[in-house]
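*Asks:* Questions regarding the structure given below will be posed in turn.
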Amino acid sequence: MSRSKLFFCTLLVALLPVSTLAAPDLSAPEAHKAVEAGEIMLIDIRTPREWRQTGTAPGAARIDFYEGPDHMLENVLRLTEGDKHRPIGLICRTGNRTTTAQRFLQQQGFTRVYNVKEGMVGSGAGPGWLARNLPTDPCRRC
């Protein structure tokens, strides 16, 4: 991880109150089902390099977490058309970035932010989108 990315992550985490909970969570299959049913908008917050490596979940919007909190907030507001009550799911590689982003968006007034905590490649929360053989789309324009 570059020094600037590490600094950004450290700063963002330090600014978050300890009492802020990052919940609720969805498993990868639950997120996939909810996206297919039109119940949530999925946002992949990995980097363009990661999108190219694995592809993204079908229909997922893409926002690079490391572009910073202002970039994230601006793009999520654009994607939700300013509706802070619209259900959104966040996915990253292993659930670490999504936990931070979930807390940040909740602090900005978003009320229905779900974390796909197992991520694309898996974590302690589960095997991940890819290991569960859920569909992906190649990211040709990343």
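Labeling convention for the structure tokens: chains A, B, ... as they appear, residues from 1 per chain, ligands from 1 in order of appearance.
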Can you list, as a PyMOL selection string, every protein, DNA or RNA residue that comes within 12 Å of Asn133 (chain A) when you count only C-alpha atoms, leaving out same-chain residues fewer than 2 positions away?
*Replies:* chain A and resi 28-29+32+54+57+120-122+127-131+135-136
*Asks:* Let's see if you can do this: from backbone DSSP, list all strand (DSSP E) residues in region 26-141 of chain A, as a list in words.
*Replies:*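 Everything in region 26-141 of chain A that counts as strand (DSSP E) is Met41, Leu42, Ile43, Asp44, Ala61, Arg62, Ile88, Gly89, Leu90, Ile91, Val113, Tyr114 and Asn115 of chain A.
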*Asks:* Emit the selected residues as a PDB file, in the first residue's frame, including C-alpha atoms.
*Replies:*
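Ended up saving to part.pdb:
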```
ATOM      1  CA  MET A  41     -27.476  -0.852  -5.296  1.00  0.00           C
ATOM      2  CA  LEU A  42     -24.069  -2.525  -5.007  1.00  0.00           C
ATOM      3  CA  ILE A  43     -20.961  -0.327  -5.011  1.00  0.00           C
ATOM      4  CA  ASP A  44     -17.509  -1.869  -5.437  1.00  0.00           C
ATOM      5  CA  ALA A  61     -21.113   0.744  -9.540  1.00  0.00           C
ATOM      6  CA  ARG A  62     -17.421   1.435  -9.011  1.00  0.00           C
ATOM      7  CA  ILE A  88     -26.759   0.432  -0.892  1.00  0.00           C
ATOM      8  CA  GLY A  89     -24.332  -2.432  -0.447  1.00  0.00           C
ATOM      9  CA  LEU A  90     -20.577  -1.933  -0.317  1.00  0.00           C
ATOM     10  CA  ILE A  91     -18.055  -4.540  -1.397  1.00  0.00           C
ATOM     11  CA  VAL A 113     -25.732   1.014   4.096  1.00  0.00           C
ATOM     12  CA  TYR A 114     -24.957  -2.707   3.984  1.00  0.00           C
ATOM     13  CA  ASN A 115     -21.475  -4.203   4.171  1.00  0.00           C
TER      14      ASN A 115
END
```
*Asks:* Check chain A with DSSP on the backbone and list each residue it calls alpha helix (DSSP H), as a VMD selection string.
*Replies:* chain A and resid 3 to 15 28 to 36 48 to 54 69 to 79 96 to 107
*Asks:* Looking at only C-alpha atoms, which of A:Arg97, A:Arg112, A:Lys33, A:Arg86 is the one that sits closest to Thr47 (chain A)?
*Replies:*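 Closest candidate: A:Arg97.
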*Asks:* Pick from A:Pro87, A:Pro58, A:Pro48, A:Gly38: nearest to Thr111 (chain A), with only C-alpha atoms counted?
*Replies:*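 Selected residue with least distance to Thr111 (chain A): A:Pro87.
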*Asks:* Rounded to one decimal in Å, what is the spacing between CA of Gly95 (chain A) and CA of Leu73 (chain A)?
*Replies:*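 Straight-line distance from CA of Gly95 (chain A) to CA of Leu73 (chain A) works out to 18.7 Å.
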*Asks:* Nearest to Ala101 (chain A) among A:Leu134, A:Ile45, A:Ala125, A:Ile40, with distances taken over only C-alpha atoms: which residue is it?
*Replies:*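 Looking only at the distances to Ala101 (chain A), the closest residue turns out to be A:Ile45.
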*Asks:* When you look at Lys117 (chain A) with a cut-off of 8 Å (counting only C-alpha atoms), what residues show up, excluding the ones that are within fewer than 6 positions of it in the same chain? I need them as a list of chain:residue names.
*Replies:*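 With the cut-off at 8 Å, the set is A:Asp25, A:Leu26, A:Ser27, A:Ile91, A:Thr94, A:Gly95, A:Asn96, A:Thr98, A:Thr99, A:Ser123, A:Ala125, A:Gly126.
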*Asks:* Any chance you could export the current selection's N, CA and C atoms as an mmCIF file, in the first residue's frame?
*Replies:*
```
data_model
loop_
_atom_site.group_PDB
_atom_site.id
_atom_site.type_symbol
_atom_site.label_atom_id
_atom_site.label_comp_id
_atom_site.auth_asym_id
_atom_site.auth_seq_id
_atom_site.Cartn_x
_atom_site.Cartn_y
_atom_site.Cartn_z
ATOM 1 N N ASP A 25 -24.582 -6.144 8.013
ATOM 2 C CA ASP A 25 -23.765 -6.866 7.045
ATOM 3 C C ASP A 25 -24.654 -7.756 6.178
ATOM 4 N N LEU A 26 -24.144 -8.074 4.990
ATOM 5 C CA LEU A 26 -24.770 -9.056 4.102
ATOM 6 C C LEU A 26 -23.705 -10.052 3.684
ATOM 7 N N SER A 27 -24.082 -11.298 3.525
ATOM 8 C CA SER A 27 -23.171 -12.262 2.922
ATOM 9 C C SER A 27 -23.132 -11.974 1.421
ATOM 10 N N ILE A 91 -18.932 -3.377 -1.325
ATOM 11 C CA ILE A 91 -18.055 -4.540 -1.397
ATOM 12 C C ILE A 91 -16.646 -4.078 -1.751
ATOM 13 N N THR A 94 -11.734 -7.589 1.000
ATOM 14 C CA THR A 94 -11.907 -8.456 2.177
ATOM 15 C C THR A 94 -12.789 -7.861 3.273
ATOM 16 N N GLY A 95 -13.431 -6.754 3.029
ATOM 17 C CA GLY A 95 -14.333 -6.177 4.023
ATOM 18 C C GLY A 95 -13.745 -5.091 4.897
ATOM 19 N N ASN A 96 -12.462 -4.807 4.788
ATOM 20 C CA ASN A 96 -11.870 -3.752 5.616
ATOM 21 C C ASN A 96 -12.259 -2.357 5.135
ATOM 22 N N THR A 98 -14.737 -1.580 3.246
ATOM 23 C CA THR A 98 -16.184 -1.375 3.309
ATOM 24 C C THR A 98 -16.637 -1.026 4.716
ATOM 25 N N THR A 99 -15.979 -1.562 5.719
ATOM 26 C CA THR A 99 -16.339 -1.216 7.100
ATOM 27 C C THR A 99 -16.095 0.264 7.346
ATOM 28 N N SER A 123 -12.812 -13.449 3.712
ATOM 29 C CA SER A 123 -12.277 -12.954 4.973
ATOM 30 C C SER A 123 -12.822 -13.850 6.077
ATOM 31 N N ALA A 125 -15.313 -13.350 7.643
ATOM 32 C CA ALA A 125 -16.773 -13.295 7.545
ATOM 33 C C ALA A 125 -17.335 -14.308 6.552
ATOM 34 N N GLY A 126 -16.488 -14.880 5.708
ATOM 35 C CA GLY A 126 -16.962 -15.854 4.728
ATOM 36 C C GLY A 126 -15.991 -15.998 3.582
#
```
*Asks:* Restricting the calculation to only C-alpha atoms: of A:Gly82, A:Gly59, A:Gly119, A:Gly68, which residue gets closest to Phe104 (chain A)?
*Replies:*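 That would be A:Gly68, the residue with the smallest distance to Phe104 (chain A).
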*Asks:* Taking only C-alpha atoms into account, name the residue in A:Arg46, A:Arg132, A:Arg141, A:Trp51 that is nearest to Ile63 (chain A).
*Replies:*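 When distances to Ile63 (chain A) are compared using only C-alpha atoms, the smallest one comes from A:Arg46.
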*Asks:* What gap, in Å, lies between CA of Pro24 (chain A) and CA of Cys142 (chain A)?
*Replies:*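 CA of Cys142 (chain A) lies at a distance of 28.9 Å from CA of Pro24 (chain A).
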*Asks:* Hey, which of A:Ala60, A:Ala23, A:Leu105, A:Cys92 ends up closest to Leu77 (chain A)? Count only C-alpha atoms.
*Replies:*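 Ranking A:Ala60, A:Ala23, A:Leu105, A:Cys92 by distance to Leu77 (chain A), first place goes to A:Leu105.
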*Asks:* Please indicate the distance in Å from CA of Gly124 (chain A) to CA of Gln106 (chain A), rounded to one decimal place.
*Replies:*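 According to the coordinates, CA of Gly124 (chain A) and CA of Gln106 (chain A) are separated by 23.2 Å.
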